[in-house]
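Everything below belongs to protein00.cif, which stores mmCIF, C-alpha atoms and all ligand atoms.
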```cif
data_entry
#
loop_
_atom_site.label_atom_id
_atom_site.label_comp_id
_atom_site.auth_asym_id
_atom_site.auth_seq_id
_atom_site.Cartn_x
_atom_site.Cartn_y
_atom_site.Cartn_z
CA MET R 1 -38.66 138.13 91.90
CA GLU R 2 -40.62 134.95 91.35
CA VAL R 3 -42.60 136.61 88.57
CA LEU R 4 -39.39 137.81 86.91
CA GLU R 5 -37.89 134.34 87.01
CA GLN R 6 -41.08 132.87 85.59
CA GLN R 7 -41.05 135.46 82.80
CA GLN R 8 -37.46 134.62 81.99
CA THR R 9 -38.26 130.91 81.80
CA GLU R 10 -41.19 131.65 79.49
CA ASN R 11 -38.97 133.74 77.22
CA GLU R 12 -36.41 130.99 77.07
CA ASN R 13 -39.07 128.42 76.28
CA SER R 14 -40.61 130.53 73.55
CA TYR R 15 -37.43 130.71 71.52
CA LEU R 16 -36.40 127.18 72.38
CA LYS R 17 -39.54 126.23 70.44
CA LYS R 18 -37.82 127.74 67.40
CA SER R 19 -34.54 125.98 68.05
CA ASP R 20 -34.82 123.34 65.31
CA ARG R 21 -32.02 123.16 62.83
CA LEU R 22 -32.48 124.05 59.19
CA LYS R 23 -34.10 121.29 57.17
CA PHE R 24 -32.61 120.94 53.72
CA GLU R 25 -32.37 117.19 53.01
CA ASP R 26 -35.75 117.23 51.25
CA LEU R 27 -34.68 119.76 48.59
CA ASP R 28 -34.37 118.53 45.03
CA TRP R 29 -30.57 118.30 45.06
CA GLU R 30 -30.44 116.24 41.86
CA LYS R 31 -31.86 119.20 39.98
CA ILE R 32 -28.89 121.45 40.77
CA ARG R 33 -26.67 119.60 38.31
CA ASP R 34 -28.97 120.75 35.49
CA GLU R 35 -29.08 124.33 36.71
CA LYS R 36 -26.64 127.01 35.59
CA ILE R 37 -24.98 128.28 38.72
CA SER R 38 -22.70 131.17 37.81
CA ASP R 39 -19.36 132.05 39.39
CA ASP R 40 -21.01 135.21 40.75
CA ASP R 41 -23.61 133.04 42.52
CA ILE R 42 -20.82 130.94 44.00
CA PHE R 43 -18.97 134.07 45.12
CA VAL R 44 -22.08 135.26 46.98
CA LEU R 45 -22.71 131.85 48.56
CA THR R 46 -19.08 131.50 49.60
CA TYR R 47 -19.20 134.90 51.30
CA PHE R 48 -22.32 133.91 53.25
CA ALA R 49 -21.01 130.43 54.08
CA ASP R 50 -17.78 132.02 55.36
CA ILE R 51 -19.73 134.21 57.77
CA GLU R 52 -21.89 131.31 58.91
CA GLY R 53 -18.81 129.14 59.38
CA GLN R 54 -17.20 131.67 61.72
CA THR R 55 -20.12 131.65 64.16
CA PHE R 56 -18.48 129.04 66.35
CA PHE R 57 -15.32 131.14 66.78
CA TYR R 58 -17.36 134.26 67.37
CA ALA R 59 -19.46 132.47 70.00
CA ARG R 60 -16.30 131.15 71.64
CA ASP R 61 -14.94 134.71 71.92
CA LEU R 62 -18.24 135.92 73.35
CA MET R 63 -18.10 133.24 76.00
CA ASN R 64 -15.04 134.97 77.44
CA THR R 65 -17.00 138.18 77.92
CA SER R 66 -19.52 139.11 80.55
CA SER R 67 -22.40 138.75 78.02
CA VAL R 68 -22.79 135.14 79.10
CA ASP R 69 -23.47 136.13 82.70
CA SER R 70 -27.10 136.17 81.60
CA SER R 71 -28.78 132.74 81.42
CA GLU R 72 -30.95 133.99 78.59
CA VAL R 73 -27.94 134.98 76.53
CA ARG R 74 -26.31 131.61 77.22
CA ALA R 75 -29.42 129.75 76.07
CA PHE R 76 -29.77 131.86 72.94
CA LEU R 77 -26.08 131.57 72.04
CA THR R 78 -26.37 127.80 72.19
CA VAL R 79 -29.34 127.71 69.82
CA TRP R 80 -27.90 130.40 67.56
CA ASN R 81 -24.53 128.68 67.18
CA TYR R 82 -26.28 125.38 66.36
CA GLN R 83 -28.56 126.92 63.76
CA GLU R 84 -25.86 128.99 62.04
CA TYR R 85 -23.70 125.88 61.73
CA PHE R 86 -26.32 124.18 59.59
CA HIS R 87 -26.65 127.28 57.41
CA SER R 88 -22.99 126.87 56.45
CA VAL R 89 -23.42 123.11 55.94
CA ALA R 90 -26.41 123.65 53.64
CA LEU R 91 -24.74 126.39 51.57
CA ARG R 92 -21.62 124.29 51.12
CA ARG R 93 -23.66 121.28 50.13
CA PHE R 94 -25.31 123.43 47.47
CA MET R 95 -21.92 124.52 46.13
CA ARG R 96 -20.63 120.95 46.06
CA GLU R 97 -23.77 119.70 44.29
CA SER R 98 -23.19 122.39 41.66
CA GLY R 99 -19.76 120.89 40.99
CA ARG R 100 -17.56 123.28 42.98
CA GLU R 101 -14.87 122.23 45.40
CA VAL R 102 -15.28 123.38 48.98
CA SER R 103 -12.52 122.77 51.49
CA GLU R 104 -13.41 121.32 54.89
CA GLU R 105 -10.55 123.39 56.33
CA ARG R 106 -11.81 126.75 55.09
CA ASP R 107 -13.27 128.01 58.38
CA GLN R 108 -10.11 127.30 60.31
CA ALA R 109 -7.94 128.81 57.56
CA LEU R 110 -10.03 131.99 57.55
CA ARG R 111 -9.86 132.15 61.31
CA GLU R 112 -6.08 131.94 61.25
CA ARG R 113 -5.95 134.79 58.77
CA THR R 114 -7.92 137.04 61.12
CA SER R 115 -5.98 140.26 61.36
CA LEU R 116 -3.95 141.27 64.39
CA ARG R 117 -6.31 144.23 64.76
CA ASP R 118 -9.26 141.86 65.18
CA ARG R 119 -7.38 139.78 67.73
CA LEU R 120 -6.53 142.86 69.73
CA THR R 121 -10.16 143.93 69.53
CA ASP R 122 -11.18 140.53 70.92
CA GLY R 123 -8.82 141.03 73.87
CA ALA R 124 -10.07 144.57 74.44
CA SER R 125 -13.67 143.30 74.35
CA ILE R 126 -12.99 140.88 77.21
CA VAL R 127 -11.48 143.61 79.38
CA PHE R 128 -14.17 146.14 78.48
CA SER R 129 -16.98 143.67 79.13
CA LYS R 130 -15.67 142.93 82.63
CA LEU R 131 -15.37 146.62 83.48
CA TRP R 132 -18.65 147.81 81.93
CA PRO R 133 -20.82 144.69 81.47
CA ARG R 134 -24.10 146.48 80.75
CA LYS R 135 -22.64 148.76 78.13
CA TYR R 136 -20.86 145.86 76.49
CA LEU R 137 -23.99 143.72 76.47
CA ALA R 138 -26.01 146.53 74.85
CA LEU R 139 -23.35 146.97 72.17
CA TYR R 140 -23.13 143.25 71.47
CA LEU R 141 -26.91 142.91 71.21
CA THR R 142 -27.29 145.96 68.95
CA TRP R 143 -24.46 144.84 66.70
CA GLY R 144 -25.97 141.35 66.56
CA ALA R 145 -29.35 142.78 65.56
CA ILE R 146 -27.77 144.73 62.68
CA ASN R 147 -25.81 141.69 61.47
CA GLU R 148 -28.89 139.50 61.53
CA ALA R 149 -30.96 142.11 59.70
CA ILE R 150 -28.33 142.27 56.96
CA ALA R 151 -28.14 138.46 56.76
CA MET R 152 -31.92 138.16 56.57
CA ARG R 153 -32.22 140.71 53.77
CA GLY R 154 -29.21 139.25 51.96
CA TYR R 155 -30.70 135.76 51.87
CA LEU R 156 -34.08 137.10 50.75
CA GLN R 157 -32.35 138.98 47.98
CA ILE R 158 -30.58 135.82 46.78
CA ALA R 159 -33.90 133.94 46.96
CA ASN R 160 -35.59 136.61 44.84
CA GLN R 161 -33.00 136.98 42.14
CA THR R 162 -31.50 133.51 41.64
CA SER R 163 -32.57 131.44 38.67
CA SER R 164 -32.22 128.28 40.79
CA PRO R 165 -35.47 127.17 42.45
CA VAL R 166 -33.50 124.98 44.87
CA LEU R 167 -31.27 127.86 45.99
CA SER R 168 -34.28 130.14 46.25
CA GLU R 169 -36.07 127.74 48.60
CA LEU R 170 -32.92 127.11 50.63
CA CYS R 171 -32.29 130.84 51.12
CA ARG R 172 -35.92 131.47 52.07
CA ARG R 173 -35.64 128.83 54.79
CA ILE R 174 -32.38 130.30 56.07
CA ALA R 175 -33.85 133.82 56.01
CA LYS R 176 -36.67 132.61 58.25
CA GLN R 177 -34.18 131.60 60.92
CA GLU R 178 -32.24 134.84 60.46
CA ALA R 179 -35.50 136.68 61.11
CA PHE R 180 -35.86 134.80 64.39
CA HIS R 181 -32.26 135.68 65.35
CA PHE R 182 -32.86 139.30 64.40
CA GLY R 183 -36.03 139.44 66.51
CA TRP R 184 -34.22 138.14 69.56
CA TYR R 185 -31.23 140.47 69.29
CA TYR R 186 -33.38 143.45 68.49
CA THR R 187 -35.77 142.95 71.41
CA LYS R 188 -32.91 142.41 73.86
CA ALA R 189 -30.97 145.39 72.51
CA LYS R 190 -34.02 147.57 72.98
CA ASP R 191 -34.41 146.37 76.59
CA GLN R 192 -30.81 147.19 77.41
CA LEU R 193 -30.78 150.55 75.65
CA THR R 194 -34.00 151.62 77.34
CA LYS R 195 -32.35 151.30 80.73
CA SER R 196 -29.73 154.04 80.45
CA LYS R 197 -28.97 157.19 78.46
CA ALA R 198 -25.24 156.69 79.10
CA THR R 199 -25.45 153.24 77.50
CA GLN R 200 -27.29 154.69 74.51
CA LYS R 201 -24.55 157.29 74.05
CA PHE R 202 -21.83 154.70 74.37
CA VAL R 203 -23.43 152.31 71.85
CA ALA R 204 -24.06 155.13 69.36
CA TYR R 205 -20.47 156.34 69.68
CA ALA R 206 -18.89 152.87 69.50
CA LEU R 207 -20.91 151.85 66.44
CA SER R 208 -20.17 155.12 64.66
CA LYS R 209 -16.44 154.49 65.17
CA ILE R 210 -15.96 150.76 64.67
CA TRP R 211 -18.97 149.27 62.89
CA THR R 212 -18.50 147.54 59.55
CA PRO R 213 -21.01 145.30 57.75
CA VAL R 214 -20.96 141.64 58.69
CA GLY R 215 -18.14 139.78 56.94
CA VAL R 216 -15.83 142.79 56.51
CA GLY R 217 -12.60 141.90 58.30
CA LEU R 218 -13.07 138.23 57.60
CA ARG R 219 -13.29 139.04 53.90
CA SER R 220 -11.82 142.12 52.28
CA ARG R 221 -13.61 145.39 51.78
CA SER R 222 -13.46 144.91 48.02
CA ASP R 223 -15.13 141.49 48.43
CA PHE R 224 -17.93 143.21 50.34
CA GLU R 225 -18.27 145.78 47.56
CA ARG R 226 -18.53 143.01 44.99
CA LEU R 227 -21.13 141.20 47.11
CA TYR R 228 -23.13 144.37 47.61
CA GLY R 229 -23.03 145.10 43.86
CA LEU R 230 -24.15 141.57 42.98
CA LEU R 231 -26.97 141.46 45.47
CA PHE R 232 -28.30 144.98 45.02
CA GLN R 233 -27.78 145.60 41.37
CA ASP R 234 -29.53 148.90 40.83
CA SER R 235 -29.69 152.14 42.78
CA GLN R 236 -33.28 151.55 43.87
CA ARG R 237 -32.41 148.21 45.51
CA LYS R 238 -29.33 149.75 47.12
CA ARG R 239 -31.48 152.55 48.51
CA GLU R 240 -34.02 150.06 49.83
CA ILE R 241 -31.50 148.01 51.79
CA ILE R 242 -29.75 151.12 53.16
CA THR R 243 -33.07 152.59 54.25
CA PHE R 244 -34.19 149.31 55.79
CA ILE R 245 -31.04 148.84 57.88
CA ASP R 246 -30.66 152.46 58.96
CA SER R 247 -34.34 152.98 59.78
CA THR R 248 -34.36 149.73 61.80
CA ILE R 249 -31.46 151.06 63.89
CA HIS R 250 -33.15 154.45 64.23
CA GLN R 251 -36.02 152.86 66.12
CA LEU R 252 -33.72 151.75 68.93
CA PRO R 253 -33.51 154.10 71.92
CA GLY R 254 -30.79 156.75 71.49
CA LEU R 255 -29.78 155.65 67.99
CA ALA R 256 -32.07 157.88 65.93
CA ASN R 257 -29.16 159.76 64.36
CA LEU R 258 -26.99 156.80 63.52
CA ASN R 259 -26.72 156.35 59.73
CA LEU R 260 -24.35 153.42 59.68
CA PHE R 261 -25.13 151.73 56.40
CA SER R 262 -25.61 154.89 54.36
CA THR R 263 -22.32 156.29 55.69
CA TYR R 264 -20.48 153.05 54.95
CA ALA R 265 -22.00 152.72 51.49
CA ARG R 266 -21.01 156.31 50.62
CA LEU R 267 -17.42 155.66 51.72
CA ASN R 268 -17.23 152.84 49.25
FE FE M 1 -27.14 132.22 59.34
FE FE M 2 -28.36 134.46 62.10
#
```
In structure tokens, what does this structure look like?
Amino acid sequence: MEVLEQQQTENENSYLKKSDRLKFEDLDWEKIRDEKISDDDIFVLTYFADIEGQTFFYARDLMNTSSVDSSEVRAFLTVWNYQEYFHSVALRRFMRESGREVSEERDQALRERTSLRDRLTDGASIVFSKLWPRKYLALYLTWGAINEAIAMRGYLQIANQTSSPVLSELCRRIAKQEAFHFGWYYTKAKDQLTKSKATQKFVAYALSKIWTPVGVGLRSRSDFERLYGLLFQDSQRKREIITFIDSTIHQLPGLANLNLFSTYARLN
């Protein structure tokens, strides 16, 4: 028991070492005014900033579930929420510096527009998590890992294809933190899934029925299609991202036959 507690403390400490917020004040913000930032770039950044800006509400909903019975999850959620907040601040600063207007009220307005279906799902999550806490935790962790993997690859893609050196550097820095989030979710998901075949079956079934890429629901499906088309402009890049996401999921226990991204991408 003592060893387990010590191990847990070490794990917490190791990711608390990575708990710094994103640094972006040192970027050459003056330069942005001379750069040509297209409306498509702004569309992509707005989509990402919207997701980042909802983290607080998402974390608040999670706090009503049994996921936070684990001290490790509580500690991670605190760091994660803090870091994601600064991702949205940095992206919005970039948009403002490029001459676009960004409303301070946008996150709340988006939250209020959340569909009734999503609200019902939130309520169902609370009940489900109390009845089957381990299954719920495994689903939450797996879903989180997929979201973070998509975010990480999305930011890297922006960094690689933008003509703005400032945006490229900013997105590389954000992607680094998304990689840390991904690593945490993925490791914890693996731990939970390893414990039980019934949990594996449940997670595979639930994801196959209700999973959508991060941001869908908050933003429309057609917005996601536009984002996907802008970020992954040719069929080779589309194939790469689909293969990356699906093969990452396949390595988790019991999820070897789950082709979430390729199925979703075909539907669209
Ligand atoms: Fe983020
Ligand atoms: Fe993240």
Test item: residues at most 10 Å from R:Phe224, only C-alpha atoms, excluding those fewer than 2 positions along its chain, as a CSV table (one decimal) with C-alpha atoms, in the coordinates of the input:
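Result file part-v9.csv:
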```csv
chain,number,residue,atom,x,y,z
R,44,VAL,CA,-22.1,135.3,47.0
R,47,TYR,CA,-19.2,134.9,51.3
R,213,PRO,CA,-21.0,145.3,57.8
R,214,VAL,CA,-21.0,141.6,58.7
R,215,GLY,CA,-18.1,139.8,56.9
R,216,VAL,CA,-15.8,142.8,56.5
R,217,GLY,CA,-12.6,141.9,58.3
R,219,ARG,CA,-13.3,139.0,53.9
R,220,SER,CA,-11.8,142.1,52.3
R,221,ARG,CA,-13.6,145.4,51.8
R,222,SER,CA,-13.5,144.9,48.0
R,226,ARG,CA,-18.5,143.0,45.0
R,227,LEU,CA,-21.1,141.2,47.1
R,228,TYR,CA,-23.1,144.4,47.6
R,229,GLY,CA,-23.0,145.1,43.9
R,230,LEU,CA,-24.2,141.6,43.0
R,268,ASN,CA,-17.2,152.8,49.2
```
Could you give me, as a tab-separated table, every chain R residue with an atom at most 10 Å from ligand FE 2 (chain M), plus its closest atom pair and distance in Å to one decimal, counting only C-alpha atoms and all ligand atoms, rows ordered by chain then number?
```
residue	atom	partner	partner_atom	distance
R:Ile51	CA	M:FE2	FE	9.7
R:Glu52	CA	M:FE2	FE	7.9
R:Thr55	CA	M:FE2	FE	8.9
R:Trp80	CA	M:FE2	FE	6.8
R:Asn81	CA	M:FE2	FE	8.6
R:Gln83	CA	M:FE2	FE	7.7
R:Glu84	CA	M:FE2	FE	6.0
R:Tyr85	CA	M:FE2	FE	9.8
R:His87	CA	M:FE2	FE	8.7
R:Gly144	CA	M:FE2	FE	8.5
R:Ala145	CA	M:FE2	FE	9.1
R:Asn147	CA	M:FE2	FE	7.7
R:Glu148	CA	M:FE2	FE	5.1
R:Ala149	CA	M:FE2	FE	8.4
R:Ile150	CA	M:FE2	FE	9.3
R:Ala151	CA	M:FE2	FE	6.7
R:Met152	CA	M:FE2	FE	7.5
R:Ile174	CA	M:FE2	FE	8.4
R:Ala175	CA	M:FE2	FE	8.2
R:Lys176	CA	M:FE2	FE	9.3
R:Gln177	CA	M:FE2	FE	6.6
R:Glu178	CA	M:FE2	FE	4.2
R:Ala179	CA	M:FE2	FE	7.5
R:Phe180	CA	M:FE2	FE	7.8
R:His181	CA	M:FE2	FE	5.2
R:Phe182	CA	M:FE2	FE	7.0
R:Tyr185	CA	M:FE2	FE	9.8
```
Shell around stretch 98-100 of chain R at 6 Å using only C-alpha atoms, local window under 3 positions removed, as a PyMOL selection string: chain R and resi 32-33+95
Can you work out which one of R:Gln233, R:Gln54, R:Gln192, R:Ser71 has the shortest atom-to-atom distance to R:Gly254, counting all atoms listed in the file?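 Looking only at the distances to R:Gly254, the closest residue turns out to be R:Gln192.
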Which distance in Å separates atom CA of R:Trp184 and atom CA of R:Gln161, to one decimal?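 Atom CA of R:Gln161 lies 27.5 Å from atom CA of R:Trp184.
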Which is closest to R:Leu156 among R:Val73, R:Ile241, R:Val203, R:Val127, if we use all atoms listed in the file? R:Ile241
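Across the structure, atom CA of R:Asn259 and atom CA of R:Asp246 are spaced 5.6 Å apart.
In terms of minimum interatomic distance to R:Pro133, R:Ser70 ranks closest within R:Ile146, R:Asn160, R:Thr187, R:Ser70, counting only C-alpha atoms.
Computed from the coordinates, the atom CA of R:Arg237 to atom CA of R:Asp40 distance equals 17.9 Å.
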Between R:Lys130, R:His250, R:Lys209, R:Lys238, which one has atoms that come closest to R:Asn64, using all atoms listed in the file?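 Nearest to R:Asn64: R:Lys130.
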Given all atoms listed in the file as the basis, pick out the residue of R:Arg153, R:Arg74, R:Lys17, R:Arg134 nearest to ligand FE 1 (chain M).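 Of R:Arg153, R:Arg74, R:Lys17, R:Arg134, the one nearest ligand FE 1 (chain M), counting all atoms listed in the file, is R:Arg153.
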As a list in words, please: the residues near R:Ser262 (cut-off 9 Å, only C-alpha atoms, same-chain neighbours under 3 positions excluded).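 These residues fall inside the cut-off: Arg239, Ile242, Thr243, Ile245, Asp246, Asn259, Ala265, Arg266 and Leu267 of chain R.
Shortest atom-to-atom contact with ligand FE 1 (chain M) among R:Phe48, R:Ile42, R:Glu104, R:Lys36: R:Phe48, counting only C-alpha atoms and all ligand atoms.
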What lies within 12 Å of R:Asp191 using only C-alpha atoms, ignoring chain neighbours under 5 positions off, as a ChimeraX atom specification? /R:134,137-139,141-142,184-186,196,199-200,252-253
Enumerate, as an MDAnalysis selection string, the protein, DNA and RNA residues whose atoms approach (-25.2, 128.7, 50.7) to within 6 Å, taking into account all atoms listed in the file and the coordinate frame of the file. chainID R and resid 45 49 90:92
